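Enquirer: Sharing input.txt, compact mmCIF, C-alpha atoms:
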# COMPACT_ATOMS: atom_id res chain seq x y z
CA MET A 76 0.00 0.00 0.00
CA LEU A 77 2.71 2.51 0.92
CA GLU A 78 4.48 1.84 -2.38
CA VAL A 79 1.32 2.92 -4.22
CA VAL A 80 1.26 6.09 -2.14
CA GLN A 81 4.81 6.88 -3.23
CA ARG A 82 4.00 6.21 -6.89
CA GLU A 83 1.00 8.52 -6.64
CA GLN A 84 3.34 11.20 -5.23
CA LEU A 85 1.13 11.59 -2.22
CA TYR A 86 3.51 10.20 0.39
CA LYS A 87 4.39 13.62 1.84
CA LYS A 88 0.69 14.47 2.06
CA LEU A 89 0.10 11.17 3.85
CA LEU A 90 2.81 12.05 6.38
CA LEU A 91 1.27 15.50 6.91
CA GLN A 92 -2.19 13.97 7.37
CA LEU A 93 -0.81 11.51 9.94
CA LYS A 94 0.89 14.34 11.85
CA LYS A 95 -2.29 16.42 11.73
CA ASP A 96 -4.53 13.65 13.06
CA PHE A 97 -2.10 12.58 15.78
CA ASP A 98 -1.89 16.23 16.87
CA LEU A 99 -5.69 16.53 16.89
CA ALA A 100 -5.86 13.44 19.09
CA ASN A 101 -3.20 14.90 21.42
CA VAL A 102 -0.94 11.92 20.78
CA PRO A 103 2.65 13.05 20.25
CA ILE A 104 4.51 11.28 17.45
CA GLN A 105 7.80 12.06 15.76
CA ILE A 106 7.36 11.62 12.01
CA THR A 107 10.09 13.12 9.86
CA MET A 108 9.47 13.90 6.20
CA ASP A 109 12.29 11.57 5.13
CA VAL A 110 10.92 8.49 6.92
CA THR A 111 10.78 5.42 4.68
CA PRO A 112 7.54 3.48 4.29
CA ASN A 113 8.91 0.55 6.33
CA GLU A 114 10.12 2.86 9.09
CA LEU A 115 6.72 4.56 9.12
CA LYS A 116 4.93 1.23 9.44
CA SER A 117 7.18 0.24 12.35
CA LEU A 118 6.81 3.63 14.02
CA LEU A 119 3.02 3.47 13.86
CA HIS A 120 2.98 -0.13 15.07
CA GLU A 121 5.13 0.75 18.09
CA LYS A 122 3.10 3.86 18.89
CA ILE A 123 -0.23 2.06 18.71
CA TYR A 124 1.11 -0.82 20.81
CA PHE A 125 2.23 1.70 23.44
CA LEU A 126 -1.19 3.40 23.40
CA ILE A 127 -3.07 0.12 23.75
CA VAL A 128 -0.92 -1.03 26.66
CA GLU A 129 -0.25 2.25 28.47
CA LYS A 130 -2.78 4.92 27.39
CA PHE A 131 -5.96 3.23 26.23
CA SER A 132 -8.15 6.35 26.32
CA GLU A 133 -5.69 8.17 24.03
CA TYR A 134 -5.77 5.12 21.73
CA LEU A 135 -9.56 5.31 21.52
CA ASN A 136 -9.40 9.04 20.89
CA LEU A 137 -6.92 8.48 18.05
CA LEU A 138 -9.24 5.92 16.45
CA TYR A 139 -12.06 8.46 16.67
CA VAL A 140 -10.02 11.33 15.20
CA VAL A 141 -8.68 9.21 12.34
CA ASP A 142 -12.21 7.88 11.80
CA ILE A 143 -11.53 4.17 11.94
CA SER A 144 -14.86 2.39 12.19
CA GLU A 145 -15.64 0.41 15.29
CA LYS A 146 -16.86 -2.38 13.01
CA GLU A 147 -13.39 -2.69 11.41
CA VAL A 148 -11.67 -2.81 14.80
CA LYS A 149 -14.09 -5.46 16.07
CA LYS A 150 -13.18 -7.67 13.08
CA ILE A 151 -9.64 -8.02 14.45
CA ALA A 152 -9.26 -11.45 16.02
CA PRO A 153 -8.55 -11.17 19.73
CA SER A 154 -4.92 -12.01 20.34
CA ASP A 155 -1.98 -10.32 22.02
CA ALA A 156 -1.46 -6.57 21.91
CA VAL A 157 1.42 -6.85 19.42
CA ASP A 158 -0.78 -8.49 16.77
CA VAL A 159 -3.74 -6.20 17.44
CA SER A 160 -1.55 -3.10 17.21
CA ALA A 161 -0.16 -4.29 13.85
CA GLU A 162 -3.71 -4.70 12.51
CA VAL A 163 -4.78 -1.31 13.84
CA ALA A 164 -1.66 0.33 12.34
CA PHE A 165 -2.72 -1.09 8.97
CA LEU A 166 -6.29 0.21 9.40
CA LEU A 167 -4.94 3.62 10.41
CA LEU A 168 -2.67 3.83 7.36
CA LYS A 169 -5.46 2.66 5.09
CA ARG A 170 -7.87 5.30 6.42
CA GLU A 171 -5.31 8.10 6.24
CA TRP A 172 -4.46 7.08 2.68
CA GLN A 173 -8.16 7.23 1.76
CA LYS A 174 -8.36 10.78 3.10
CA VAL A 175 -5.27 11.90 1.17
CA TRP A 176 -6.35 10.15 -2.04
CA TYR A 177 -9.88 11.59 -1.94
CA LYS A 178 -8.56 15.10 -1.30
CA ALA A 179 -6.12 14.78 -4.22
CA LYS A 180 -8.69 13.29 -6.56
CA TYR A 181 -11.55 15.69 -5.85
CA SER A 182 -9.69 18.94 -5.24
CA ARG A 183 -8.58 19.25 -8.86
So that I can check it, write out the structure of this file as C-alpha cells.

Expert:
Amino acid sequence: MLEVVQREQLYKKLLLQLKKDFDLANVPIQITMDVTPNELKSLLHEKIYFLIVEKFSEYLNLLYVVDISEKEVKKIAPSDAVDVSAEVAFLLLKREWQKVWYKAKYSR
C-alpha cells in the first residue's frame, strides 16, 4: 500500500495527514518527512502498541479522530497486543491514505 502512495506522489501528504490527526488526538509522534515506508509502518505499530498497553483512552481518541470504524476494529481477532496493534496500524494507514487520495482526486 505505501508503495502505491509513493507512486501517486502523495507520500508527503500522507505524512502530513498523519501528523495532523495525531496532533488533533493529542498523541505526540515524531514523524520526519524523510521516513521510509517501512520505518513509518514500524513507528506506527510501536506507537499504537504503546497506546493500547499504556494509554488506552488516548488510543480510543486516536481511532475516533482518524475515523476508523468500530466495526473494522471489532473484526480483528482477539490475540496479544502486538498483533492487534499491527492490525490497527494497517487500518490507520489505510484510512489516512483514503483521506489523502480523496482530497487529491476531488480537489482538482

Enquirer: Give me, as a JSON list (two decimals) with C-alpha atoms, in the frame of the given file, all polymer residues having an atom no more than 10 Å from stretch 154-167 of chain A, counting only C-alpha atoms and skipping those fewer than 5 positions away in the same chain.

Expert:
[["chain", "number", "residue", "atom", "x", "y", "z"],
["A", 76, "MET", "CA", 0.00, 0.00, 0.00],
["A", 93, "LEU", "CA", -0.81, 11.51, 9.94],
["A", 115, "LEU", "CA", 6.72, 4.56, 9.12],
["A", 116, "LYS", "CA", 4.93, 1.23, 9.44],
["A", 117, "SER", "CA", 7.18, 0.24, 12.35],
["A", 118, "LEU", "CA", 6.81, 3.63, 14.02],
["A", 119, "LEU", "CA", 3.02, 3.47, 13.86],
["A", 120, "HIS", "CA", 2.98, -0.13, 15.07],
["A", 121, "GLU", "CA", 5.13, 0.75, 18.09],
["A", 122, "LYS", "CA", 3.10, 3.86, 18.89],
["A", 123, "ILE", "CA", -0.23, 2.06, 18.71],
["A", 124, "TYR", "CA", 1.11, -0.82, 20.81],
["A", 125, "PHE", "CA", 2.23, 1.70, 23.44],
["A", 126, "LEU", "CA", -1.19, 3.40, 23.40],
["A", 127, "ILE", "CA", -3.07, 0.12, 23.75],
["A", 128, "VAL", "CA", -0.92, -1.03, 26.66],
["A", 137, "LEU", "CA", -6.92, 8.48, 18.05],
["A", 138, "LEU", "CA", -9.24, 5.92, 16.45],
["A", 141, "VAL", "CA", -8.68, 9.21, 12.34],
["A", 142, "ASP", "CA", -12.21, 7.88, 11.80],
["A", 143, "ILE", "CA", -11.53, 4.17, 11.94],
["A", 144, "SER", "CA", -14.86, 2.39, 12.19],
["A", 147, "GLU", "CA", -13.39, -2.69, 11.41],
["A", 148, "VAL", "CA", -11.67, -2.81, 14.80],
["A", 172, "TRP", "CA", -4.46, 7.08, 2.68],
["A", 173, "GLN", "CA", -8.16, 7.23, 1.76]]

Enquirer: Please indicate the distance in Å from atom CA of A:Glu171 to atom CA of A:Tyr139, rounded to one decimal place.

Expert: 12.4 Å

Enquirer: To one decimal in Å, tell me the separation between atom CA of A:Asn101 and atom CA of A:Ser132.

Expert: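 So the two atoms, atom CA of A:Asn101 and atom CA of A:Ser132, lie 11.0 Å apart.
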
Enquirer: Atom CA of A:Asn113 and atom CA of A:Leu168 are how many Å apart?

Expert: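 The value is 12.1 Å.
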
Enquirer: Return the single residue from A:Val102, A:Met108, A:Val140, A:Arg170 that is closest to A:Lys87, with distances computed using all atoms listed in the file.

Expert: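 Among A:Val102, A:Met108, A:Val140, A:Arg170, it is A:Met108 that comes nearest to A:Lys87.
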
Enquirer: Find the spatial neighbours of A:Trp176, counting all atoms listed in the file, within a cut-off of 9 Å - ignore same-chain residues fewer than 2 positions away - and output them as JSON, numbers by chain.

Expert: {"A": [80, 83, 85, 89, 171, 172, 173, 174, 178, 179, 180, 181]}

Enquirer: I need the residue nearest A:Val110 from this list: A:Tyr86, A:Gln92, A:Lys130, A:Phe97. Use only C-alpha atoms for the distance.

Expert: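 For A:Val110, the nearest of the given residues is A:Tyr86.
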
Enquirer: With a distance cut-off of 9 Å and only C-alpha atoms, select the neighbouring residues of A:Lys94, excluding the residue or stretch itself and same-chain residues fewer than 2 positions from it, and output the selection as a ChimeraX atom specification.

Expert: /A:89-92,96-99,103-106

Enquirer: Could those residues be written to a file, using C-alpha atoms, as an mmCIF file, keeping the file's coordinate frame?

Expert:
data_model
loop_
_atom_site.group_PDB
_atom_site.id
_atom_site.type_symbol
_atom_site.label_atom_id
_atom_site.label_comp_id
_atom_site.auth_asym_id
_atom_site.auth_seq_id
_atom_site.Cartn_x
_atom_site.Cartn_y
_atom_site.Cartn_z
ATOM 1 C CA LEU A 89 0.100 11.170 3.850
ATOM 2 C CA LEU A 90 2.810 12.050 6.380
ATOM 3 C CA LEU A 91 1.270 15.500 6.910
ATOM 4 C CA GLN A 92 -2.190 13.970 7.370
ATOM 5 C CA ASP A 96 -4.530 13.650 13.060
ATOM 6 C CA PHE A 97 -2.100 12.580 15.780
ATOM 7 C CA ASP A 98 -1.890 16.230 16.870
ATOM 8 C CA LEU A 99 -5.690 16.530 16.890
ATOM 9 C CA PRO A 103 2.650 13.050 20.250
ATOM 10 C CA ILE A 104 4.510 11.280 17.450
ATOM 11 C CA GLN A 105 7.800 12.060 15.760
ATOM 12 C CA ILE A 106 7.360 11.620 12.010
#

Enquirer: Save C-alpha atoms of stretch 100-182 of chain A from the block above as a compact mmCIF listing (two decimals), in the first residue's frame.

Expert:
# COMPACT_ATOMS: atom_id res chain seq x y z
CA ALA A 100 -5.86 13.44 19.09
CA ASN A 101 -3.20 14.90 21.42
CA VAL A 102 -0.94 11.92 20.78
CA PRO A 103 2.65 13.05 20.25
CA ILE A 104 4.51 11.28 17.45
CA GLN A 105 7.80 12.06 15.76
CA ILE A 106 7.36 11.62 12.01
CA THR A 107 10.09 13.12 9.86
CA MET A 108 9.47 13.90 6.20
CA ASP A 109 12.29 11.57 5.13
CA VAL A 110 10.92 8.49 6.92
CA THR A 111 10.78 5.42 4.68
CA PRO A 112 7.54 3.48 4.29
CA ASN A 113 8.91 0.55 6.33
CA GLU A 114 10.12 2.86 9.09
CA LEU A 115 6.72 4.56 9.12
CA LYS A 116 4.93 1.23 9.44
CA SER A 117 7.18 0.24 12.35
CA LEU A 118 6.81 3.63 14.02
CA LEU A 119 3.02 3.47 13.86
CA HIS A 120 2.98 -0.13 15.07
CA GLU A 121 5.13 0.75 18.09
CA LYS A 122 3.10 3.86 18.89
CA ILE A 123 -0.23 2.06 18.71
CA TYR A 124 1.11 -0.82 20.81
CA PHE A 125 2.23 1.70 23.44
CA LEU A 126 -1.19 3.40 23.40
CA ILE A 127 -3.07 0.12 23.75
CA VAL A 128 -0.92 -1.03 26.66
CA GLU A 129 -0.25 2.25 28.47
CA LYS A 130 -2.78 4.92 27.39
CA PHE A 131 -5.96 3.23 26.23
CA SER A 132 -8.15 6.35 26.32
CA GLU A 133 -5.69 8.17 24.03
CA TYR A 134 -5.77 5.12 21.73
CA LEU A 135 -9.56 5.31 21.52
CA ASN A 136 -9.40 9.04 20.89
CA LEU A 137 -6.92 8.48 18.05
CA LEU A 138 -9.24 5.92 16.45
CA TYR A 139 -12.06 8.46 16.67
CA VAL A 140 -10.02 11.33 15.20
CA VAL A 141 -8.68 9.21 12.34
CA ASP A 142 -12.21 7.88 11.80
CA ILE A 143 -11.53 4.17 11.94
CA SER A 144 -14.86 2.39 12.19
CA GLU A 145 -15.64 0.41 15.29
CA LYS A 146 -16.86 -2.38 13.01
CA GLU A 147 -13.39 -2.69 11.41
CA VAL A 148 -11.67 -2.81 14.80
CA LYS A 149 -14.09 -5.46 16.07
CA LYS A 150 -13.18 -7.67 13.08
CA ILE A 151 -9.64 -8.02 14.45
CA ALA A 152 -9.26 -11.45 16.02
CA PRO A 153 -8.55 -11.17 19.73
CA SER A 154 -4.92 -12.01 20.34
CA ASP A 155 -1.98 -10.32 22.02
CA ALA A 156 -1.46 -6.57 21.91
CA VAL A 157 1.42 -6.85 19.42
CA ASP A 158 -0.78 -8.49 16.77
CA VAL A 159 -3.74 -6.20 17.44
CA SER A 160 -1.55 -3.10 17.21
CA ALA A 161 -0.16 -4.29 13.85
CA GLU A 162 -3.71 -4.70 12.51
CA VAL A 163 -4.78 -1.31 13.84
CA ALA A 164 -1.66 0.33 12.34
CA PHE A 165 -2.72 -1.09 8.97
CA LEU A 166 -6.29 0.21 9.40
CA LEU A 167 -4.94 3.62 10.41
CA LEU A 168 -2.67 3.83 7.36
CA LYS A 169 -5.46 2.66 5.09
CA ARG A 170 -7.87 5.30 6.42
CA GLU A 171 -5.31 8.10 6.24
CA TRP A 172 -4.46 7.08 2.68
CA GLN A 173 -8.16 7.23 1.76
CA LYS A 174 -8.36 10.78 3.10
CA VAL A 175 -5.27 11.90 1.17
CA TRP A 176 -6.35 10.15 -2.04
CA TYR A 177 -9.88 11.59 -1.94
CA LYS A 178 -8.56 15.10 -1.30
CA ALA A 179 -6.12 14.78 -4.22
CA LYS A 180 -8.69 13.29 -6.56
CA TYR A 181 -11.55 15.69 -5.85
CA SER A 182 -9.69 18.94 -5.24
